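Listing of final-v5.txt; format and content: compact mmCIF, C-alpha atoms.
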# COMPACT_ATOMS: atom_id res chain seq x y z
CA MET A 1 142.55 20.65 -52.82
CA THR A 2 145.14 17.97 -53.67
CA GLU A 3 144.30 14.89 -55.71
CA ASN A 4 144.55 12.68 -52.64
CA SER A 5 142.12 14.85 -50.71
CA ASP A 6 139.45 14.73 -53.40
CA PRO A 7 136.51 12.92 -51.79
CA HIS A 8 135.58 11.46 -55.18
CA SER A 9 139.02 10.13 -56.11
CA ALA A 10 138.66 6.87 -54.16
CA ALA A 11 135.40 6.07 -55.90
CA VAL A 12 136.95 6.76 -59.30
CA THR A 13 139.83 4.34 -58.70
CA GLN A 14 137.68 1.56 -57.26
CA PRO A 15 137.70 -1.54 -59.48
CA PRO A 16 134.31 -2.40 -60.96
CA HIS A 17 132.17 -4.91 -59.13
CA PRO A 18 132.61 -8.37 -60.65
CA VAL A 19 129.82 -9.99 -62.64
CA ALA A 20 128.47 -13.53 -62.31
CA LEU A 21 126.05 -15.46 -64.52
CA VAL A 22 124.01 -18.16 -62.79
CA THR A 23 121.84 -20.46 -64.90
CA GLY A 24 118.78 -22.12 -63.42
CA ALA A 25 118.64 -19.18 -61.02
CA ALA A 26 114.89 -18.90 -60.46
CA ARG A 27 114.78 -21.22 -57.46
CA GLY A 28 116.59 -23.71 -55.27
CA ILE A 29 120.35 -24.04 -55.51
CA GLY A 30 120.61 -21.52 -58.35
CA MET A 31 118.81 -18.84 -56.37
CA ALA A 32 121.00 -19.54 -53.33
CA ILE A 33 124.13 -19.19 -55.47
CA ALA A 34 122.90 -15.90 -56.92
CA THR A 35 122.15 -14.66 -53.40
CA HIS A 36 125.65 -15.59 -52.24
CA PHE A 37 127.22 -13.67 -55.13
CA LEU A 38 125.15 -10.59 -54.35
CA GLN A 39 126.15 -10.80 -50.69
CA THR A 40 129.82 -10.82 -51.71
CA GLY A 41 129.68 -7.79 -53.98
CA TYR A 42 128.90 -9.26 -57.39
CA ARG A 43 126.45 -8.04 -59.97
CA VAL A 44 124.46 -11.08 -61.05
CA ALA A 45 122.76 -12.17 -64.26
CA LEU A 46 119.94 -14.61 -63.50
CA LEU A 47 119.15 -16.99 -66.35
CA ASP A 48 116.21 -19.39 -66.38
CA TRP A 49 113.64 -20.71 -68.83
CA ASP A 50 110.81 -20.21 -66.32
CA GLY A 51 109.78 -16.63 -67.09
CA PRO A 52 107.32 -16.06 -64.22
CA GLY A 53 109.61 -17.70 -61.67
CA LEU A 54 112.56 -15.69 -62.96
CA GLN A 55 110.68 -12.41 -62.60
CA THR A 56 109.64 -13.26 -59.04
CA THR A 57 113.23 -14.08 -58.06
CA THR A 58 114.56 -10.98 -59.83
CA ARG A 59 112.21 -8.74 -57.86
CA GLN A 60 113.24 -10.42 -54.63
CA LEU A 61 116.99 -10.25 -55.24
CA SER A 62 117.08 -6.76 -56.74
CA ALA A 63 116.86 -5.35 -53.22
CA MET A 64 120.32 -6.84 -52.58
CA GLY A 65 122.17 -5.43 -55.59
CA GLU A 66 122.35 -5.21 -59.37
CA VAL A 67 120.62 -8.09 -61.14
CA LEU A 68 119.76 -8.79 -64.77
CA ALA A 69 116.98 -11.22 -65.72
CA LEU A 70 117.63 -13.39 -68.77
CA GLU A 71 114.86 -15.73 -69.90
CA ALA A 72 116.48 -18.43 -72.03
CA ASP A 73 116.81 -22.17 -72.59
CA VAL A 74 120.43 -23.21 -72.06
CA GLY A 75 120.03 -25.98 -74.63
CA GLN A 76 119.40 -23.49 -77.46
CA PRO A 77 122.57 -21.95 -78.95
CA ASP A 78 120.91 -18.78 -80.25
CA ALA A 79 119.16 -18.11 -76.94
CA VAL A 80 122.43 -18.54 -75.04
CA ALA A 81 124.30 -16.22 -77.40
CA THR A 82 121.61 -13.56 -77.04
CA ALA A 83 121.68 -13.79 -73.24
CA VAL A 84 125.46 -13.43 -73.05
CA GLY A 85 125.22 -10.51 -75.46
CA GLN A 86 122.85 -8.81 -73.02
CA ILE A 87 125.41 -9.21 -70.23
CA SER A 88 128.09 -7.70 -72.44
CA ASN A 89 125.86 -4.76 -73.38
CA THR A 90 124.80 -4.15 -69.78
CA TRP A 91 128.03 -4.59 -67.82
CA GLY A 92 130.79 -5.22 -70.36
CA ARG A 93 132.44 -7.99 -68.38
CA LEU A 94 131.94 -11.45 -66.89
CA ASP A 95 133.99 -12.93 -64.07
CA ALA A 96 132.11 -16.07 -63.02
CA LEU A 97 129.78 -18.53 -64.71
CA VAL A 98 127.82 -21.15 -62.79
CA ASN A 99 126.22 -23.79 -64.99
CA ASN A 100 123.47 -24.85 -62.63
CA ALA A 101 120.44 -25.29 -64.93
CA GLY A 102 119.36 -28.88 -65.28
CA VAL A 103 116.47 -31.31 -65.41
CA ALA A 104 115.94 -34.81 -64.04
CA VAL A 105 113.96 -37.81 -65.23
CA PHE A 106 113.79 -40.59 -62.66
CA LYS A 107 112.59 -43.76 -64.41
CA PRO A 108 113.72 -47.37 -64.77
CA ILE A 109 115.98 -47.90 -67.79
CA GLY A 110 113.26 -49.73 -69.68
CA ASP A 111 110.81 -46.86 -69.20
CA THR A 112 113.22 -44.07 -70.13
CA THR A 113 112.32 -42.92 -73.62
CA PHE A 114 114.73 -41.44 -76.12
CA ALA A 115 112.83 -38.16 -75.74
CA ASP A 116 113.52 -38.30 -71.98
CA TRP A 117 117.19 -38.95 -72.69
CA GLN A 118 117.46 -36.08 -75.17
CA ALA A 119 115.74 -33.61 -72.85
CA VAL A 120 118.08 -34.42 -69.96
CA MET A 121 121.20 -34.22 -72.13
CA ALA A 122 120.05 -30.94 -73.72
CA SER A 123 119.90 -29.14 -70.37
CA ASN A 124 122.48 -30.96 -68.27
CA LEU A 125 125.28 -31.43 -70.82
CA ASN A 126 124.61 -29.30 -73.88
CA GLY A 127 123.71 -26.34 -71.67
CA PRO A 128 127.06 -26.11 -69.84
CA PHE A 129 128.90 -26.67 -73.13
CA LEU A 130 127.00 -23.90 -74.91
CA CYS A 131 127.04 -21.42 -72.02
CA THR A 132 130.75 -21.83 -71.41
CA GLN A 133 131.56 -21.48 -75.11
CA ALA A 134 129.51 -18.29 -75.30
CA CYS A 135 130.96 -16.79 -72.11
CA VAL A 136 134.66 -17.41 -72.71
CA PRO A 137 135.28 -14.41 -75.01
CA LEU A 138 133.63 -12.01 -72.56
CA MET A 139 135.59 -13.50 -69.64
CA LEU A 140 138.87 -13.21 -71.51
CA ALA A 141 138.12 -9.60 -72.43
CA SER A 142 138.01 -8.76 -68.71
CA GLY A 143 141.08 -10.77 -67.74
CA GLY A 144 139.83 -14.31 -67.16
CA GLY A 145 137.49 -15.83 -64.63
CA ALA A 146 136.04 -18.98 -63.15
CA VAL A 147 133.43 -21.51 -64.25
CA VAL A 148 131.67 -23.90 -61.89
CA ASN A 149 129.58 -26.73 -63.32
CA ILE A 150 126.95 -28.12 -60.97
CA ALA A 151 127.21 -31.87 -61.41
CA SER A 152 125.80 -34.38 -58.92
CA ILE A 153 126.81 -37.24 -56.71
CA SER A 154 124.87 -39.27 -59.31
CA GLY A 155 127.69 -38.50 -61.74
CA LEU A 156 130.21 -40.15 -59.42
CA ARG A 157 128.24 -43.23 -58.41
CA ALA A 158 125.51 -45.09 -60.27
CA SER A 159 122.13 -45.36 -58.59
CA THR A 160 118.67 -46.62 -59.38
CA LEU A 161 116.32 -44.71 -61.74
CA ARG A 162 119.00 -42.30 -62.95
CA VAL A 163 120.22 -43.67 -66.27
CA ALA A 164 119.79 -40.35 -68.10
CA TYR A 165 120.42 -37.99 -65.19
CA GLY A 166 123.44 -39.84 -63.81
CA THR A 167 125.00 -40.28 -67.25
CA SER A 168 124.54 -36.60 -68.04
CA LYS A 169 126.25 -35.59 -64.80
CA ALA A 170 129.11 -38.05 -65.32
CA ALA A 171 129.63 -36.57 -68.77
CA LEU A 172 129.50 -33.06 -67.27
CA ILE A 173 132.28 -34.01 -64.87
CA HIS A 174 134.48 -35.06 -67.77
CA LEU A 175 133.50 -31.93 -69.71
CA THR A 176 134.69 -29.95 -66.68
CA LYS A 177 138.12 -31.54 -66.95
CA GLN A 178 138.31 -30.95 -70.70
CA GLN A 179 137.39 -27.30 -70.20
CA ALA A 180 139.85 -26.90 -67.33
CA VAL A 181 142.76 -28.24 -69.37
CA GLU A 182 142.19 -25.95 -72.34
CA LEU A 183 140.74 -22.84 -70.73
CA GLY A 184 143.20 -22.86 -67.83
CA ASN A 185 145.91 -21.90 -70.29
CA ALA A 186 143.95 -18.75 -71.06
CA GLY A 187 143.25 -17.81 -67.44
CA ILE A 188 139.82 -19.38 -66.89
CA ARG A 189 139.56 -21.97 -64.14
CA VAL A 190 136.84 -24.64 -64.43
CA ASN A 191 135.70 -26.86 -61.58
CA ALA A 192 132.64 -28.91 -60.69
CA VAL A 193 130.57 -29.27 -57.55
CA ALA A 194 128.77 -32.58 -57.06
CA PRO A 195 125.97 -32.07 -54.52
CA GLY A 196 124.48 -34.95 -52.63
CA PRO A 197 120.86 -34.76 -51.44
CA VAL A 198 119.92 -31.11 -50.90
CA ASP A 199 116.80 -30.00 -49.08
CA THR A 200 115.19 -28.01 -51.87
CA ALA A 201 111.48 -27.57 -52.53
CA MET A 202 111.76 -30.11 -55.36
CA ALA A 203 113.36 -32.70 -53.07
CA LYS A 204 110.56 -32.23 -50.58
CA LEU A 205 108.04 -32.97 -53.32
CA VAL A 206 109.65 -36.06 -54.84
CA HIS A 207 111.45 -37.76 -51.93
CA THR A 208 109.10 -40.02 -50.02
CA PRO A 209 109.45 -40.43 -46.23
CA ALA A 210 111.10 -43.81 -46.85
CA ILE A 211 113.67 -42.30 -49.22
CA ARG A 212 114.40 -39.45 -46.82
CA ALA A 213 114.92 -41.95 -44.00
CA ASP A 214 117.29 -43.96 -46.21
CA TYR A 215 119.33 -40.86 -46.99
CA HIS A 216 119.58 -39.96 -43.31
CA ASP A 217 120.76 -43.50 -42.53
CA THR A 218 123.28 -43.57 -45.40
CA ILE A 219 124.83 -40.10 -45.12
CA PRO A 220 127.44 -39.95 -42.34
CA LEU A 221 126.32 -36.43 -41.35
CA ASN A 222 122.77 -37.84 -41.01
CA ARG A 223 121.02 -35.02 -42.88
CA TYR A 224 120.38 -33.36 -46.22
CA GLY A 225 122.52 -30.44 -47.30
CA THR A 226 121.15 -26.95 -47.76
CA PRO A 227 121.22 -24.76 -50.88
CA GLU A 228 123.27 -22.23 -48.91
CA GLU A 229 125.97 -24.84 -48.23
CA ILE A 230 126.27 -25.56 -51.95
CA ALA A 231 126.35 -21.83 -52.71
CA ALA A 232 129.19 -21.26 -50.24
CA VAL A 233 131.34 -23.86 -51.99
CA VAL A 234 130.58 -22.36 -55.41
CA GLY A 235 131.49 -18.92 -54.09
CA PHE A 236 134.80 -20.27 -52.79
CA LEU A 237 135.67 -21.88 -56.13
CA CYS A 238 135.01 -18.58 -57.92
CA SER A 239 137.06 -16.56 -55.44
CA PRO A 240 140.78 -15.68 -55.33
CA ALA A 241 141.07 -18.14 -52.42
CA ALA A 242 140.70 -20.95 -55.00
CA SER A 243 143.12 -19.41 -57.51
CA TYR A 244 145.15 -22.64 -57.93
CA ILE A 245 142.19 -25.03 -58.06
CA ASN A 246 141.36 -26.15 -61.59
CA GLY A 247 139.78 -29.25 -63.09
CA GLN A 248 138.54 -30.62 -59.78
CA VAL A 249 135.26 -32.19 -58.67
CA LEU A 250 134.21 -31.41 -55.13
CA ALA A 251 131.51 -33.64 -53.67
CA VAL A 252 129.38 -31.65 -51.23
CA ASP A 253 127.41 -34.57 -49.88
CA GLY A 254 127.94 -35.07 -46.16
CA GLY A 255 130.08 -38.12 -46.91
CA PHE A 256 127.43 -39.92 -48.98
CA ASP A 257 129.84 -40.93 -51.75
CA ALA A 258 132.12 -42.56 -49.21
CA ALA A 259 129.45 -44.59 -47.48
CA GLY A 260 127.84 -47.55 -49.22
CA VAL A 261 125.91 -48.85 -52.18
CA GLY A 262 122.72 -46.80 -52.32
CA LEU A 263 119.23 -46.50 -50.92
CA PRO A 264 117.54 -49.74 -49.81
CA THR A 265 114.06 -48.42 -50.65
CA LEU A 266 115.00 -47.83 -54.29
CA ARG A 267 117.01 -51.04 -54.65
CA ARG A 268 114.06 -53.10 -53.35
CA ASN A 269 111.69 -51.48 -55.87
CA PRO A 270 113.56 -51.05 -59.15
Please lay out the structure from this file as structure tokens.
Amino acid sequence: MTENSDPHSAAVTQPPHPVALVTGAARGIGMAIATHFLQTGYRVALLDWDGPGLQTTTRQLSAMGEVLALEADVGQPDAVATAVGQISNTWGRLDALVNNAGVAVFKPIGDTTFADWQAVMASNLNGPFLCTQACVPLMLASGGGAVVNIASISGLRASTLRVAYGTSKAALIHLTKQQAVELGNAGIRVNAVAPGPVDTAMAKLVHTPAIRADYHDTIPLNRYGTPEEIAAVVGFLCSPAASYINGQVLAVDGGFDAAGVGLPTLRRNP
């Protein structure tokens, strides 16, 4: 039997499946992003600080492919380093990082405590900084990769009740550009996605009927986005199809950023 006729030779020469790390992966947008990666042939590390939720999601997604559950707080340097070490020990490579984990505090400026501010910054800004720093050596060891930071439309336009959240996302957008400029030289592209209103379970809990009606009136597409729509954009930015895109912020918002000054219900009741 010649080498070319060996039925096992093709499998031997196949490149390894790429690996993605998604933070805040236990639910919502993070879970949708992890699902998209699995559907496109990735092995996926799921990181979240919600242990029970993480285990539930891991069981659900394991039927689709190889997953690794990592319980960690992205705002804690040691926890992040340990999690990335587990990826290295398990798969020996990392091709994509999605910094999705984040928290929100929606309060008037005068009611936002310093503890609120610190908690939001720890997850939304420190987390992407720490995770990217920890992942870069592993990415470089396997030839480079892509990072996508999940920002928000609130980082592009100020709006009521979002002094901590909006500021953290605006800072994350600038962090994205800083990372893109330096890491691009080494072969790691960094971009940001800024979702508008997305129809997650959390949004359904906290958005009143009046707020939902305002969003529908203000967004040119007249609807909320879906987690799957955000995931598709993230997947594109991590793919070879986006190989010359670096340091960009893509608003996935149905045209919301282009269309006015904010929600009347919130502006009337600051």
Contacts of range 191-202 of chain A at 9 Å or less, counting all atoms listed in the file, minus same-chain residues fewer than 4 places along, as a PyMOL selection string? chain A and resi 27-29+146-156+169+172-173+176-177+179-180+206-207+215+223-227+230+233-234+237+245-257
What is the distance, in Å and to one decimal place, between CA of Gln118 in chain A and CA of Lys204 in chain A?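 CA of Gln118 in chain A sits 25.8 Å away from CA of Lys204 in chain A.
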Mind pulling up the distance from CA of Glu71 in chain A to CA of Met31 in chain A? 14.4 Å
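Closest approach to Gly75 in chain A among A:Phe129, A:Phe236, A:Phe114, A:Phe37: A:Phe129, based on all atoms listed in the file.
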Find the spatial neighbours of Leu21 in chain A, counting all atoms listed in the file, within a cut-off of 6 Å - ignore same-chain residues fewer than 3 positions away - and output them as a VMD selection string. chain A and resid 44 to 45 97
What would the file look like if the residues just selected were written as a short mmCIF file (atom, residue, chain, number, x, y, z; two decimals), in the frame of the given file with C-alpha atoms?
data_model
loop_
_atom_site.label_atom_id
_atom_site.label_comp_id
_atom_site.auth_asym_id
_atom_site.auth_seq_id
_atom_site.Cartn_x
_atom_site.Cartn_y
_atom_site.Cartn_z
CA VAL A 44 124.46 -11.08 -61.05
CA ALA A 45 122.76 -12.17 -64.26
CA LEU A 97 129.78 -18.53 -64.71
#
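Atom to atom, CA of Ser168 in chain A and CA of Leu125 in chain A stand 5.9 Å apart.
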Find the residues near His36 in chain A: any atom within 7 Å, counting only C-alpha atoms, skip ones fewer than 4 places away on the same chain, and give them as a list in words.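 Within the cut-off, the hits are Ala32, Thr40, Ala231, Ala232 and Gly235 of chain A.
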Please write the residues from the selection above to a file, keeping C-alpha atoms, as a PDB file, in the frame of the given file.
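Here's the written file result.pdb:
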ATOM      1  CA  ALA A  32     121.000 -19.540 -53.330  1.00  0.00           C
ATOM      2  CA  THR A  40     129.820 -10.820 -51.710  1.00  0.00           C
ATOM      3  CA  ALA A 231     126.350 -21.830 -52.710  1.00  0.00           C
ATOM      4  CA  ALA A 232     129.190 -21.260 -50.240  1.00  0.00           C
ATOM      5  CA  GLY A 235     131.490 -18.920 -54.090  1.00  0.00           C
TER       6      GLY A 235
END
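Residues in contact with Tyr165 in chain A at up to 7 Å, not including ones fewer than 6 positions away on its chain and judged by all atoms listed in the file, are A:Ala104, A:Val105, A:Val120.
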Nearby residues (all atoms listed in the file) at most 12 Å from Asp116 in chain A, same-chain spacing under 4 positions excluded, as an mmCIF file with C-alpha atoms, keeping the file's coordinate frame:
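Listing of result23.cif after writing:
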data_model
loop_
_atom_site.group_PDB
_atom_site.id
_atom_site.type_symbol
_atom_site.label_atom_id
_atom_site.label_comp_id
_atom_site.auth_asym_id
_atom_site.auth_seq_id
_atom_site.Cartn_x
_atom_site.Cartn_y
_atom_site.Cartn_z
ATOM 1 C CA VAL A 103 116.470 -31.310 -65.410
ATOM 2 C CA ALA A 104 115.940 -34.810 -64.040
ATOM 3 C CA VAL A 105 113.960 -37.810 -65.230
ATOM 4 C CA PHE A 106 113.790 -40.590 -62.660
ATOM 5 C CA LYS A 107 112.590 -43.760 -64.410
ATOM 6 C CA PRO A 108 113.720 -47.370 -64.770
ATOM 7 C CA ILE A 109 115.980 -47.900 -67.790
ATOM 8 C CA GLY A 110 113.260 -49.730 -69.680
ATOM 9 C CA ASP A 111 110.810 -46.860 -69.200
ATOM 10 C CA THR A 112 113.220 -44.070 -70.130
ATOM 11 C CA VAL A 120 118.080 -34.420 -69.960
ATOM 12 C CA MET A 121 121.200 -34.220 -72.130
ATOM 13 C CA ALA A 122 120.050 -30.940 -73.720
ATOM 14 C CA SER A 123 119.900 -29.140 -70.370
ATOM 15 C CA ARG A 162 119.000 -42.300 -62.950
ATOM 16 C CA VAL A 163 120.220 -43.670 -66.270
ATOM 17 C CA ALA A 164 119.790 -40.350 -68.100
ATOM 18 C CA TYR A 165 120.420 -37.990 -65.190
ATOM 19 C CA SER A 168 124.540 -36.600 -68.040
#
Out of A:Pro77, A:Gly24, A:Gly85, A:Gly144, which residue has the shortest atom-to-atom distance to Thr57 in chain A when counting only C-alpha atoms?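 Answer, going by the shortest atom-to-atom distance: A:Gly24.
Closest approach to Pro16 in chain A from the set A:Ser142, A:Asn185, A:Thr167, A:Gln178 is made by A:Ser142, with distances taken over all atoms listed in the file.
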